[in-house]
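File shown: start15.txt (compact mmCIF, C-alpha atoms).
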# COMPACT_ATOMS: atom_id res chain seq x y z
CA MET T 181 -21.62 18.51 33.33
CA THR T 182 -20.04 19.51 36.58
CA SER T 183 -21.45 22.81 37.66
CA LEU T 184 -19.03 24.72 39.84
CA ASP T 185 -19.27 28.29 40.91
CA HIS T 186 -16.68 29.86 43.13
CA THR T 187 -15.30 33.23 44.00
CA VAL T 188 -11.69 34.13 44.62
CA GLN T 189 -10.77 34.32 48.28
CA PRO T 190 -7.83 36.34 49.53
CA PRO T 191 -4.60 34.35 49.95
CA ALA T 192 -4.41 32.30 53.14
CA GLN T 193 -1.49 34.33 54.48
CA GLU T 194 -3.67 37.43 54.41
CA ARG T 195 -6.56 35.59 56.07
CA GLY T 196 -4.25 34.53 58.85
CA SER T 197 -5.06 30.84 58.50
CA ALA T 198 -2.75 27.85 58.01
CA PRO T 199 0.92 28.45 57.18
CA PRO T 200 1.80 28.24 53.45
CA ASP T 201 3.48 24.79 53.67
CA LEU T 202 0.49 23.20 55.34
CA GLU T 203 -1.84 24.95 52.98
CA THR T 204 0.19 23.77 49.98
CA SER T 205 0.19 20.15 51.08
CA SER T 206 -3.54 20.28 51.72
CA LEU T 207 -3.95 21.76 48.24
CA ASP T 208 -1.86 18.92 46.82
CA ARG T 209 -4.09 16.40 48.56
CA ALA T 210 -7.21 18.19 47.34
CA MET T 211 -5.91 18.09 43.76
CA SER T 212 -5.10 14.41 44.14
CA ARG T 213 -8.65 13.74 45.33
CA TYR T 214 -10.02 15.81 42.47
CA ALA T 215 -7.90 13.88 39.96
CA GLU T 216 -9.39 10.69 41.36
CA GLY T 217 -12.86 11.98 40.64
CA HIS T 218 -13.92 13.70 43.88
CA ASP T 219 -15.50 16.75 42.26
CA ALA T 220 -16.16 18.40 45.62
CA ALA T 221 -12.40 18.88 46.12
CA PHE T 222 -12.32 21.29 43.20
CA GLY T 223 -13.63 24.12 45.37
CA GLU T 224 -10.64 23.79 47.67
CA VAL T 225 -8.23 23.72 44.73
CA PHE T 226 -9.92 26.71 43.13
CA ASN T 227 -9.97 28.81 46.28
CA GLY T 228 -6.39 27.95 47.13
CA LEU T 229 -4.89 28.49 43.71
CA SER T 230 -6.88 31.23 42.03
CA PRO T 231 -5.34 34.20 43.93
CA ARG T 232 -1.82 32.96 43.16
CA LEU T 233 -2.63 32.27 39.53
CA LEU T 234 -4.35 35.62 39.16
CA ALA T 235 -1.30 37.44 40.55
CA PHE T 236 1.06 35.36 38.39
CA LEU T 237 -0.90 35.98 35.20
CA ARG T 238 -1.39 39.65 36.04
CA ARG T 239 2.37 40.03 36.32
CA LEU T 240 2.90 38.14 33.09
CA CYS T 241 0.32 39.87 30.93
CA GLY T 242 0.06 43.23 32.67
CA SER T 243 -3.72 43.41 32.39
CA PRO T 244 -6.08 42.48 35.26
CA GLU T 245 -8.97 41.77 32.89
CA LEU T 246 -6.91 39.51 30.68
CA ALA T 247 -5.45 37.80 33.75
CA HIS T 248 -9.02 37.06 34.87
CA ASP T 249 -9.84 35.40 31.57
CA LEU T 250 -6.59 33.45 31.58
CA VAL T 251 -7.23 32.17 35.11
CA GLN T 252 -10.57 30.80 33.94
CA GLU T 253 -8.89 29.19 30.95
CA THR T 254 -6.22 27.75 33.25
CA PHE T 255 -8.81 26.09 35.49
CA LEU T 256 -10.61 24.68 32.47
CA ARG T 257 -7.35 23.18 31.24
CA MET T 258 -6.53 21.87 34.71
CA HIS T 259 -9.93 20.25 34.83
CA ARG T 260 -9.46 18.61 31.42
CA ALA T 261 -5.98 17.42 32.38
CA ARG T 262 -6.83 16.31 35.92
CA GLY T 263 -6.35 12.65 35.02
CA SER T 264 -2.70 13.43 34.21
CA PHE T 265 -1.95 14.99 37.60
CA VAL T 266 0.65 12.79 39.26
CA PRO T 267 -0.50 11.66 42.73
CA GLY T 268 1.72 12.97 45.50
CA SER T 269 3.21 15.75 43.42
CA ALA T 270 2.84 19.47 44.00
CA VAL T 271 -0.14 21.18 42.42
CA VAL T 272 1.30 24.72 42.46
CA PRO T 273 4.09 24.18 39.88
CA TRP T 274 1.67 22.14 37.75
CA ALA T 275 -0.88 24.95 37.85
CA TYR T 276 1.80 27.57 37.09
CA ALA T 277 2.93 25.53 34.08
CA ILE T 278 -0.63 25.33 32.75
CA ALA T 279 -1.23 29.03 33.43
CA ARG T 280 1.96 29.82 31.58
CA ASN T 281 0.74 27.68 28.62
CA CYS T 282 -2.49 29.69 28.57
CA PHE T 283 -0.54 32.93 28.55
CA VAL T 284 1.81 31.72 25.80
CA SER T 285 -1.15 30.57 23.67
CA HIS T 286 -2.75 33.96 24.13
CA ALA T 287 0.50 35.79 23.32
CA ARG T 288 0.93 33.70 20.18
CA SER T 289 -2.60 34.34 18.99
CA LEU T 290 -2.02 38.04 19.51
CA LYS T 291 1.22 37.85 17.61
CA THR T 292 -0.44 36.14 14.67
CA ARG T 293 -3.01 38.90 14.58
CA ALA T 294 -0.14 41.37 14.82
CA ALA T 295 -2.09 43.31 17.36
CA ARG T 296 -0.23 43.09 20.58
CA SER T 297 -2.26 44.89 23.17
CA SER T 298 -0.49 47.75 24.83
CA LEU T 299 -0.20 47.72 28.55
CA ASP T 300 -3.00 49.54 30.26
CA ILE T 301 -1.11 50.77 33.24
CA THR T 302 -3.84 53.16 34.28
CA ASP T 303 -5.93 50.15 35.34
CA HIS T 304 -3.49 49.32 38.06
CA GLU T 305 -4.17 50.92 41.31
CA VAL T 306 -1.20 51.38 43.53
CA ALA T 307 -2.45 51.51 47.07
CA ALA T 308 -1.76 54.83 48.64
CA GLY T 309 -3.12 56.10 51.88
CA LEU T 310 -4.73 59.52 51.76
CA ASP T 311 -2.23 60.78 54.31
CA ALA T 312 0.82 59.29 52.59
CA ASN T 313 3.61 61.49 51.48
CA ALA T 314 2.57 62.57 47.98
CA GLU T 315 6.05 62.61 46.50
CA GLU T 316 6.90 59.19 47.88
CA THR T 317 3.60 57.80 46.63
CA ALA T 318 4.20 59.20 43.20
CA ALA T 319 7.70 57.70 43.14
CA VAL T 320 6.37 54.27 44.16
CA ARG T 321 3.67 54.49 41.56
CA GLN T 322 6.12 55.56 38.88
CA SER T 323 8.58 52.76 39.59
CA ALA T 324 5.74 50.20 39.68
CA GLU T 325 4.50 51.46 36.34
CA LEU T 326 8.00 51.47 34.93
CA VAL T 327 8.64 47.88 36.06
CA GLU T 328 5.36 46.77 34.58
CA ARG T 329 5.95 48.62 31.30
CA THR T 330 9.50 47.27 31.01
CA LEU T 331 8.31 43.74 31.78
CA ALA T 332 5.69 44.04 29.05
CA GLN T 333 8.30 45.18 26.54
CA MET T 334 10.83 42.42 27.15
CA SER T 335 10.66 38.97 25.60
CA VAL T 336 8.17 36.51 27.08
CA THR T 337 10.94 34.02 27.88
CA ASN T 338 12.88 36.53 29.97
CA ARG T 339 9.71 37.88 31.60
CA GLU T 340 8.28 34.54 32.70
CA ALA T 341 11.60 33.40 34.18
CA PHE T 342 11.93 36.65 36.12
CA VAL T 343 8.32 36.66 37.34
CA LEU T 344 8.48 33.06 38.56
CA ILE T 345 11.68 33.55 40.52
CA ARG T 346 11.26 37.12 41.75
CA PHE T 347 7.54 37.40 42.38
CA GLU T 348 6.22 33.85 42.68
CA GLY T 349 9.00 32.64 44.96
CA GLN T 350 9.95 29.63 42.84
CA SER T 351 13.50 28.31 42.95
CA VAL T 352 15.55 28.22 39.75
CA ALA T 353 15.05 24.44 39.58
CA GLU T 354 11.28 24.76 39.99
CA ALA T 355 11.08 27.58 37.44
CA ALA T 356 13.08 25.47 35.00
CA GLN T 357 10.63 22.59 35.43
CA ILE T 358 7.63 24.87 35.00
CA LEU T 359 9.06 26.51 31.89
CA GLY T 360 10.37 23.28 30.39
CA ALA T 361 13.87 24.71 30.11
CA SER T 362 17.27 23.98 31.61
CA GLU T 363 18.23 25.61 34.92
CA GLY T 364 21.11 27.45 33.25
CA ALA T 365 18.83 28.90 30.60
CA VAL T 366 16.26 30.03 33.19
CA LYS T 367 18.93 31.64 35.34
CA LEU T 368 20.29 33.50 32.32
CA ARG T 369 16.81 34.67 31.25
CA ALA T 370 15.97 35.92 34.74
CA PHE T 371 19.30 37.70 34.98
CA ARG T 372 18.80 39.34 31.58
CA ALA T 373 15.37 40.54 32.68
CA TYR T 374 16.89 41.87 35.90
CA GLU T 375 19.54 43.80 33.96
CA ILE T 376 16.93 45.33 31.66
CA LEU T 377 14.74 46.32 34.62
CA ARG T 378 17.65 47.69 36.61
CA ALA T 379 18.80 49.77 33.65
CA ALA T 380 15.27 51.13 33.19
CA LEU T 381 14.95 52.01 36.89
CA LYS T 382 18.39 53.59 36.92
CA SER T 383 17.72 55.77 33.88
CA ALA T 384 14.38 56.84 35.39
CA GLU T 385 16.18 57.71 38.62
CA LEU T 386 18.78 59.75 36.74
CA GLY T 387 16.03 61.49 34.77
CA GLY T 388 14.21 62.32 38.01
CA ASP T 389 17.39 63.64 39.62
CA SER T 390 18.24 65.88 36.68
CA GLN T 391 14.67 67.25 36.65
CA ARG T 392 14.87 68.07 40.36
CA SER T 393 18.27 69.76 40.00
CA MET Y 13 29.05 36.94 32.89
CA SER Y 14 29.92 34.63 35.77
CA SER Y 15 26.73 32.79 36.67
CA PRO Y 16 25.32 33.89 40.06
CA THR Y 17 24.32 31.23 42.58
CA ASP Y 18 20.62 30.79 43.38
CA PRO Y 19 20.68 32.92 46.56
CA GLU Y 20 22.78 35.58 44.80
CA LEU Y 21 20.31 35.65 41.94
CA ALA Y 22 17.36 35.86 44.36
CA ALA Y 23 19.04 38.75 46.16
CA LEU Y 24 19.70 40.59 42.90
CA LEU Y 25 16.18 40.05 41.63
CA GLY Y 26 14.83 41.23 44.98
CA GLU Y 27 16.01 44.75 44.14
CA ILE Y 28 13.24 45.10 41.56
CA PRO Y 29 9.95 46.32 43.06
CA ASP Y 30 6.81 44.26 42.54
CA PRO Y 31 4.29 46.23 40.47
CA ALA Y 32 1.40 43.95 41.45
CA ALA Y 33 2.09 43.91 45.19
CA ALA Y 34 0.06 47.03 45.79
CA ALA Y 35 -2.56 46.36 43.14
CA SER Y 36 -6.22 46.38 44.02
CA PRO Y 37 -7.74 43.15 45.36
CA ALA Y 38 -9.05 40.74 42.78
CA ALA Y 39 -12.64 41.02 41.69
CA PRO Y 40 -14.78 37.90 42.25
CA LEU Y 41 -13.92 35.22 39.75
CA ARG Y 42 -16.64 32.90 38.58
CA LEU Y 43 -15.91 29.65 36.90
CA PRO Y 44 -18.34 28.39 34.26
CA SER Y 45 -19.73 24.88 34.20
CA LEU Y 46 -17.03 22.38 33.47
CA PRO Y 47 -17.31 19.65 30.86
CA GLU Y 48 -16.80 16.00 31.75
CA ALA Y 49 -13.13 15.14 32.19
CA ALA Y 50 -11.53 11.75 32.63
CA THR Y 51 -10.28 10.87 36.09
CA ARG Y 52 -6.82 9.47 36.81
CA SER Y 53 -7.90 5.83 36.83
CA VAL Y 54 -9.69 6.22 33.48
CA VAL Y 55 -6.66 7.97 31.97
CA GLN Y 56 -4.31 5.24 33.24
CA ARG Y 57 -6.55 2.50 31.83
CA ARG Y 58 -6.70 4.26 28.46
CA ARG Y 59 -2.92 4.69 28.35
CA ALA Y 60 -2.33 1.05 29.22
CA ALA Y 61 -4.79 0.05 26.48
CA ALA Y 62 -3.02 2.36 24.01
CA LEU Y 63 0.36 0.85 24.88
CA ILE Y 64 -0.93 -2.69 24.48
CA GLY Y 65 -2.76 -1.69 21.29
CA GLY Y 66 0.31 -0.03 19.80
CA LEU Y 67 2.60 -2.95 20.58
CA SER Y 68 -0.01 -5.42 19.34
CA TRP Y 69 -0.28 -3.45 16.10
CA LEU Y 70 3.44 -3.98 15.50
CA GLY Y 71 3.43 -7.56 16.80
CA VAL Y 72 0.51 -8.68 14.65
CA HIS Y 73 2.04 -7.13 11.54
CA LEU Y 74 5.38 -8.74 12.27
CA ALA Y 75 3.62 -12.07 12.68
CA VAL Y 76 1.76 -11.59 9.39
CA TYR Y 77 4.75 -10.31 7.37
CA GLY Y 78 7.19 -12.65 9.10
CA ILE Y 79 10.61 -12.36 10.74
CA ARG Y 80 13.56 -12.10 8.33
CA THR Y 81 14.86 -15.49 7.29
CA ASP Y 82 18.53 -14.60 7.66
CA LEU Y 83 18.24 -13.63 11.34
CA SER Y 84 20.03 -16.68 12.70
CA GLY Y 85 22.99 -16.09 10.38
CA LEU Y 86 23.51 -12.44 11.32
CA PRO Y 87 26.43 -11.42 13.56
CA LEU Y 88 25.37 -10.73 17.13
CA THR Y 89 26.76 -7.18 16.99
CA TYR Y 90 24.63 -6.44 13.94
CA VAL Y 91 21.47 -7.71 15.65
CA ALA Y 92 22.35 -5.78 18.79
CA ALA Y 93 22.94 -2.53 16.89
CA GLN Y 94 20.03 -2.76 14.45
CA ILE Y 95 17.34 -4.39 16.60
CA ALA Y 96 18.16 -4.61 20.31
CA LEU Y 97 19.52 -1.08 20.67
CA PRO Y 98 16.53 0.61 18.97
CA VAL Y 99 14.15 -1.43 21.16
CA LEU Y 100 16.07 -0.37 24.26
CA LEU Y 101 16.13 3.26 23.15
CA ALA Y 102 12.42 3.11 22.33
CA THR Y 103 11.57 1.72 25.76
CA GLY Y 104 13.82 4.28 27.44
CA SER Y 105 12.32 7.07 25.36
CA LEU Y 106 8.76 6.26 26.39
CA LEU Y 107 9.76 5.84 30.04
CA VAL Y 108 11.62 9.16 30.09
CA ALA Y 109 8.90 11.00 28.15
CA LEU Y 110 6.19 9.83 30.53
CA GLY Y 111 8.29 9.95 33.72
CA SER Y 112 6.80 12.22 36.37
CA GLY Y 113 9.97 13.74 37.88
CA LYS Y 114 10.26 15.44 41.26
CA LEU Y 115 7.53 18.02 40.78
CA GLY Y 116 5.22 15.88 38.66
CA LEU Y 117 6.09 17.96 35.61
CA GLY Y 118 8.25 15.33 33.97
CA LEU Y 119 11.94 14.51 33.97
CA LYS Y 120 14.53 17.19 33.24
CA ILE Y 121 14.15 18.75 29.84
CA GLY Y 122 17.86 18.32 29.06
CA LEU Y 123 17.52 14.54 29.34
CA VAL Y 124 14.27 14.55 27.37
CA SER Y 125 15.61 16.67 24.51
CA SER Y 126 18.90 14.76 24.33
CA LEU Y 127 17.11 11.44 24.08
CA ALA Y 128 14.60 12.80 21.54
CA LEU Y 129 17.54 13.69 19.29
CA LEU Y 130 19.79 10.77 20.17
CA GLY Y 131 17.26 8.02 19.35
CA PRO Y 132 16.45 8.90 15.72
CA ILE Y 133 20.01 10.12 14.98
CA SER Y 134 21.61 6.96 16.34
CA PHE Y 135 19.15 4.82 14.38
CA CYS Y 136 20.07 6.62 11.15
CA LEU Y 137 23.81 6.61 11.87
CA ILE Y 138 23.78 2.89 12.64
CA ALA Y 139 21.73 2.26 9.48
CA LEU Y 140 24.35 4.10 7.45
CA GLY Y 141 27.53 3.22 9.28
CA ALA Y 142 27.17 -0.26 10.78
CA PRO Y 143 29.31 -2.83 8.95
CA VAL Y 144 27.07 -4.86 6.65
CA PRO Y 145 27.14 -8.64 7.30
CA ARG Y 146 27.27 -9.50 3.58
CA VAL Y 147 27.41 -7.84 0.21
CA PRO Y 148 24.06 -6.03 -0.11
CA GLU Y 149 21.67 -7.35 -2.74
CA PRO Y 150 20.95 -4.87 -5.52
CA GLY Y 151 17.70 -3.36 -4.22
CA THR Y 152 15.28 -1.19 -6.11
CA LEU Y 153 13.76 2.15 -5.24
CA VAL Y 154 10.37 0.45 -5.08
CA ASP Y 155 11.63 -1.83 -2.28
CA THR Y 156 12.80 1.20 -0.33
CA VAL Y 157 9.57 3.10 -0.86
CA LEU Y 158 7.58 0.03 0.15
CA CYS Y 159 9.56 -0.39 3.36
CA PHE Y 160 9.18 3.32 4.08
CA ASP Y 161 5.40 3.16 3.53
CA ILE Y 162 5.02 0.15 5.80
CA THR Y 163 7.17 1.69 8.56
CA VAL Y 164 5.14 4.91 8.38
CA ALA Y 165 1.93 2.88 8.66
CA TRP Y 166 3.40 1.06 11.67
CA VAL Y 167 4.15 4.44 13.22
CA ALA Y 168 0.78 6.00 12.43
CA VAL Y 169 -1.55 3.89 14.57
CA PRO Y 170 0.50 3.98 17.80
CA LEU Y 171 0.99 7.72 17.28
CA LEU Y 172 -2.76 8.13 16.90
CA CYS Y 173 -3.28 6.09 20.10
CA ALA Y 174 -0.79 8.39 21.84
CA ALA Y 175 -2.59 11.48 20.56
CA ILE Y 176 -5.90 10.17 21.91
CA THR Y 177 -4.63 9.11 25.31
CA LEU Y 178 -2.01 11.77 26.04
CA ARG Y 179 -4.36 14.73 25.76
CA GLY Y 180 -3.23 17.34 28.28
CA ALA Y 181 -0.54 15.00 29.63
CA PHE Y 182 2.36 17.44 29.55
CA ALA Y 183 2.05 20.67 31.49
CA ALA Y 184 5.66 21.66 30.81
CA GLY Y 185 8.08 20.95 27.97
CA ALA Y 186 5.27 19.48 25.85
CA ARG Y 187 7.11 19.82 22.55
CA TRP Y 188 10.22 17.89 23.58
CA ARG Y 189 8.26 15.27 25.54
CA SER Y 190 5.93 14.74 22.58
CA ALA Y 191 8.91 14.51 20.24
CA LEU Y 192 10.34 11.85 22.53
CA VAL Y 193 7.08 9.89 22.49
CA GLY Y 194 7.14 10.13 18.67
CA ALA Y 195 10.78 9.04 18.60
CA GLY Y 196 10.01 6.09 20.89
CA ILE Y 197 7.17 4.95 18.65
CA GLY Y 198 9.33 5.46 15.56
CA LEU Y 199 12.17 3.44 17.08
CA PHE Y 200 9.81 0.57 17.90
CA ALA Y 201 8.50 0.63 14.32
CA GLY Y 202 12.02 0.92 12.89
CA ALA Y 203 13.28 -1.99 15.00
CA THR Y 204 10.27 -4.06 13.93
CA MET Y 205 11.07 -3.29 10.29
CA ASN Y 206 14.73 -4.23 10.86
CA LEU Y 207 13.47 -7.50 12.30
CA HIS Y 208 11.32 -8.12 9.22
CA CYS Y 209 13.28 -6.80 6.23
CA PRO Y 210 16.43 -8.73 5.19
CA ASN Y 211 17.81 -5.91 3.05
CA VAL Y 212 21.15 -4.79 4.54
CA ALA Y 213 22.03 -1.98 2.07
CA PRO Y 214 22.82 1.16 4.08
CA ALA Y 215 20.82 3.46 1.77
CA HIS Y 216 17.79 1.20 2.07
CA MET Y 217 18.16 1.00 5.85
CA LEU Y 218 18.38 4.76 6.08
CA LEU Y 219 15.58 5.76 3.72
CA GLY Y 220 13.30 2.74 4.02
CA HIS Y 221 13.55 2.24 7.79
CA GLY Y 222 15.25 5.24 9.37
CA LEU Y 223 13.40 8.09 7.69
CA ALA Y 224 10.13 6.99 9.30
CA VAL Y 225 11.76 7.21 12.74
CA VAL Y 226 12.75 10.81 12.06
CA ILE Y 227 9.28 11.58 10.74
CA ALA Y 228 7.69 10.02 13.84
CA ALA Y 229 9.78 12.24 16.12
CA ALA Y 230 8.93 15.31 14.01
CA LEU Y 231 5.23 14.44 14.06
CA GLY Y 232 5.47 14.07 17.80
CA ALA Y 233 7.00 17.51 18.16
CA LEU Y 234 4.64 19.22 15.72
CA ALA Y 235 1.30 17.42 15.96
CA LEU Y 236 1.23 15.36 19.13
CA ALA Y 237 2.48 18.33 21.17
CA LEU Y 238 -0.65 20.30 20.25
CA ARG Y 239 -2.82 17.62 21.87
CA ALA Y 240 -0.51 16.72 24.72
CA ARG Y 241 0.11 20.24 26.03
CA ALA Y 242 -2.01 20.84 29.14
Go through the file and emit its structure as structure tokens.
Amino acid sequence: MTSLDHTVQPPAQERGSAPPDLETSSLDRAMSRYAEGHDAAFGEVFNGLSPRLLAFLRRLCGSPELAHDLVQETFLRMHRARGSFVPGSAVVPWAYAIARNCFVSHARSLKTRAARSSLDITDHEVAAGLDANAEETAAVRQSAELVERTLAQMSVTNREAFVLIRFEGQSVAEAAQILGASEGAVKLRAFRAYEILRAALKSAELGGDSQRS
Amino acid sequence: MSSPTDPELAALLGEIPDPAAAASPAAPLRLPSLPEAATRSVVQRRRAAALIGGLSWLGVHLAVYGIRTDLSGLPLTYVAAQIALPVLLATGSLLVALGSGKLGLGLKIGLVSSLALLGPISFCLIALGAPVPRVPEPGTLVDTVLCFDITVAWVAVPLLCAAITLRGAFAAGARWRSALVGAGIGLFAGATMNLHCPNVAPAHMLLGHGLAVVIAAALGALALALRARA
């Protein structure tokens, strides 16, 4: 047994360390070493990837607690599949693809139990300074909640395409590879999600305006 | 809808606020002890052994059952369509299914899915539609069932080897890639059967030889994918 115990560190950008490109290539090298059997490299992979995976899964599933569990599952699967990691390739898309598989497995198991968990939006804390304008803060909070609720209500295929491109900064080609779909299909799914979200935000805006007037 | 370009799409999507951007920082995440997992070199050795084992399984059986006696008298086009083409498609299928692609997530899914469908379909269409070199002998249903059983058995062991050695191999597009592995194995088995069985009746070729290829691809998509998905 390989006993590994790590804690999530803030993303490198926030820590003010190496630029993302350098950090990504060092992560790729660390994953390559880990795939070759250097267990010590796992710490680097874990620390580098876990914040990104946590954010990705949180956006996909809408629940921080569930995202936590899915990140753990993702790393277990990455560990089991480490021998299949292609040397010289990028670890981030590979990890996203595995994280997405974990999420899809979870969503399917929920579906079979016909007990899809509702989104617990109260768990999400939208940062707001004590001295911030209260109305503005409330508006930000409302739109964040609305986006999250609308994301949770749309189909998984549309949601994952949108999240990868909009929030995870993946190109259409990369998202297509991660999702195992054609670029055209991914573009269409992301656009559909965008239209649904835009319509939801617009109707909320109109509702807010009519209430004020 | 006219399809937006990538930058246009990114700009449009950028209008939507990120609900997680202002979320609270993540709580410490602890990873439990990890079980033993094969390293890359071990996985590569196992896959090479599985490939050799699978091909040997077919080769040994072909040697035991024998190559069809009428092979030398068959038109070259018939041999090319019924034996050489399936072998080429099988090799291509396995190469494409296991290809790493730019990101290490495999080759494009459009190519993978097209080949996964093209291989078995072309095998069946050729079995049905290729001009027969002579008047087919009156075959029996038992002959067809026997050929089908043998082809399925020839598929089963390599597919089992693939299931053992491809665990967690496909992070993305696992179903299509697994279907393609199944199709590749089925095509190898089908070509081997075409090399052994002298029956040229289209119905026999389709049901006795071709059906197993389709089943192999379906088993790949349904069963192998469960093991091969990372």
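Selecting chain Y residues within 6 Å of chain T and counting only C-alpha atoms yields Leu25, Pro31, Ala34, Ala35, Ser36, Pro40, Leu41, Arg42, Leu43, Ser45, Leu46, Pro47, Glu48, Ala49, Ala50, Thr51, Arg52, Val55, Leu115, Gly116, Ile121, Gly180, Ala181, Ala183, Ala184, Gly185 and Ala242 of chain Y.
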Selected residues written out with C-alpha atoms, as a PDB file, in the coordinates of the input:
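So out01.pdb came out as:
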ATOM      1  CA  LEU Y  25      16.180  40.050  41.630  1.00  0.00           C
ATOM      2  CA  PRO Y  31       4.290  46.230  40.470  1.00  0.00           C
ATOM      3  CA  ALA Y  34       0.060  47.030  45.790  1.00  0.00           C
ATOM      4  CA  ALA Y  35      -2.560  46.360  43.140  1.00  0.00           C
ATOM      5  CA  SER Y  36      -6.220  46.380  44.020  1.00  0.00           C
ATOM      6  CA  PRO Y  40     -14.780  37.900  42.250  1.00  0.00           C
ATOM      7  CA  LEU Y  41     -13.920  35.220  39.750  1.00  0.00           C
ATOM      8  CA  ARG Y  42     -16.640  32.900  38.580  1.00  0.00           C
ATOM      9  CA  LEU Y  43     -15.910  29.650  36.900  1.00  0.00           C
ATOM     10  CA  SER Y  45     -19.730  24.880  34.200  1.00  0.00           C
ATOM     11  CA  LEU Y  46     -17.030  22.380  33.470  1.00  0.00           C
ATOM     12  CA  PRO Y  47     -17.310  19.650  30.860  1.00  0.00           C
ATOM     13  CA  GLU Y  48     -16.800  16.000  31.750  1.00  0.00           C
ATOM     14  CA  ALA Y  49     -13.130  15.140  32.190  1.00  0.00           C
ATOM     15  CA  ALA Y  50     -11.530  11.750  32.630  1.00  0.00           C
ATOM     16  CA  THR Y  51     -10.280  10.870  36.090  1.00  0.00           C
ATOM     17  CA  ARG Y  52      -6.820   9.470  36.810  1.00  0.00           C
ATOM     18  CA  VAL Y  55      -6.660   7.970  31.970  1.00  0.00           C
ATOM     19  CA  LEU Y 115       7.530  18.020  40.780  1.00  0.00           C
ATOM     20  CA  GLY Y 116       5.220  15.880  38.660  1.00  0.00           C
ATOM     21  CA  ILE Y 121      14.150  18.750  29.840  1.00  0.00           C
ATOM     22  CA  GLY Y 180      -3.230  17.340  28.280  1.00  0.00           C
ATOM     23  CA  ALA Y 181      -0.540  15.000  29.630  1.00  0.00           C
ATOM     24  CA  ALA Y 183       2.050  20.670  31.490  1.00  0.00           C
ATOM     25  CA  ALA Y 184       5.660  21.660  30.810  1.00  0.00           C
ATOM     26  CA  GLY Y 185       8.080  20.950  27.970  1.00  0.00           C
ATOM     27  CA  ALA Y 242      -2.010  20.840  29.140  1.00  0.00           C
TER      28      ALA Y 242
END
(Q) Calculated over only C-alpha atoms, which of the candidates T:Met211, T:Ala287, T:Leu237, T:Val225 has the smallest distance to Ala32 in chain Y? (A)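 Using only C-alpha atoms, Ala32 in chain Y sits closest to T:Leu237.
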Q) When you draw a straight line from CA of Leu107 in chain Y to CA of Val169 in chain Y, how long is it in Å? A)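 Going from CA of Leu107 in chain Y over to CA of Val169 in chain Y, I get 19.3 Å.
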Q: In Å, rounded to a single decimal, give me how far CA of Arg179 in chain Y is from CA of Ser53 in chain Y.
A: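 Between CA of Ser53 in chain Y and CA of Arg179 in chain Y the gap is 14.6 Å.
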**Q.** From Y:Lys114, Y:His221, Y:His73, Y:Arg57, residue lying nearest Gln94 in chain Y [all atoms listed in the file]
**A.**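 Using all atoms listed in the file, Gln94 in chain Y sits closest to Y:His221.
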Contact table range 90-123 of chain Y vs range 198-218 of chain Y, cut-off 9 Å, shortest pair per residue, only C-alpha atoms, as a tab-separated table:
residue	atom	partner	partner_atom	distance
Y:Val91	CA	Y:Leu207	CA	8.7
Y:Gln94	CA	Y:Asn206	CA	6.6
Y:Ile95	CA	Y:Ala203	CA	5.0
Y:Ala96	CA	Y:Ala203	CA	7.7
Y:Leu97	CA	Y:Ala203	CA	8.5
Y:Pro98	CA	Y:Leu199	CA	5.5
Y:Val99	CA	Y:Phe200	CA	5.8
Y:Leu100	CA	Y:Phe200	CA	9.0
Y:Leu101	CA	Y:Leu199	CA	7.2
Y:Ala102	CA	Y:Leu199	CA	5.3
Y:Thr103	CA	Y:Phe200	CA	8.1
Q: Report the distance between CA of Ile79 in chain Y and CA of Leu130 in chain Y in Å, rounded to one decimal place.
A: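 Taking CA of Ile79 in chain Y as the start and CA of Leu130 in chain Y as the end point, the length is 26.6 Å.
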Q | Ref. answer, residues at most 12 Å from (8.7, 9.4, 25.0) with all atoms listed in the file, as a PyMOL selection string | A | chain Y and resi 63+101-112+118-119+121+123-129+131+171+174+178+181-182+185-200+228-229+232-233+236-237+240
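Each of Y:Val72, Y:Ala93, Y:Leu234, Y:Val167 was compared to Leu140 in chain Y using all atoms listed in the file, and Y:Ala93 turns out to be the nearest.
Among the candidate residues T:Ser285, T:Ser206, T:Arg339, T:Leu250, the one lying nearest to Ala221 in chain T is T:Ser206, with distances computed using all atoms listed in the file.
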Can you save range 202-207 of chain Y of the given block to a file, including N, CA and C atoms and formatted as a PDB file, in the first residue's frame?
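Result written to selection21.pdb:
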ATOM      1  N   GLY Y 202     -12.608 -12.963 -37.584  1.00  0.00           N
ATOM      2  CA  GLY Y 202     -13.382 -13.190 -38.805  1.00  0.00           C
ATOM      3  C   GLY Y 202     -12.473 -13.505 -39.985  1.00  0.00           C
ATOM      4  N   ALA Y 203     -11.378 -12.753 -40.100  1.00  0.00           N
ATOM      5  CA  ALA Y 203     -10.429 -13.001 -41.192  1.00  0.00           C
ATOM      6  C   ALA Y 203      -9.797 -14.376 -41.047  1.00  0.00           C
ATOM      7  N   THR Y 204      -9.503 -14.765 -39.798  1.00  0.00           N
ATOM      8  CA  THR Y 204      -8.921 -16.092 -39.553  1.00  0.00           C
ATOM      9  C   THR Y 204      -9.911 -17.174 -39.980  1.00  0.00           C
ATOM     10  N   MET Y 205     -11.190 -16.949 -39.659  1.00  0.00           N
ATOM     11  CA  MET Y 205     -12.209 -17.929 -40.052  1.00  0.00           C
ATOM     12  C   MET Y 205     -12.348 -17.971 -41.580  1.00  0.00           C
ATOM     13  N   ASN Y 206     -12.272 -16.817 -42.227  1.00  0.00           N
ATOM     14  CA  ASN Y 206     -12.332 -16.781 -43.695  1.00  0.00           C
ATOM     15  C   ASN Y 206     -11.139 -17.509 -44.308  1.00  0.00           C
ATOM     16  N   LEU Y 207     -10.036 -17.504 -43.574  1.00  0.00           N
ATOM     17  CA  LEU Y 207      -8.834 -18.189 -44.055  1.00  0.00           C
ATOM     18  C   LEU Y 207      -8.927 -19.707 -43.843  1.00  0.00           C
TER      19      LEU Y 207
END
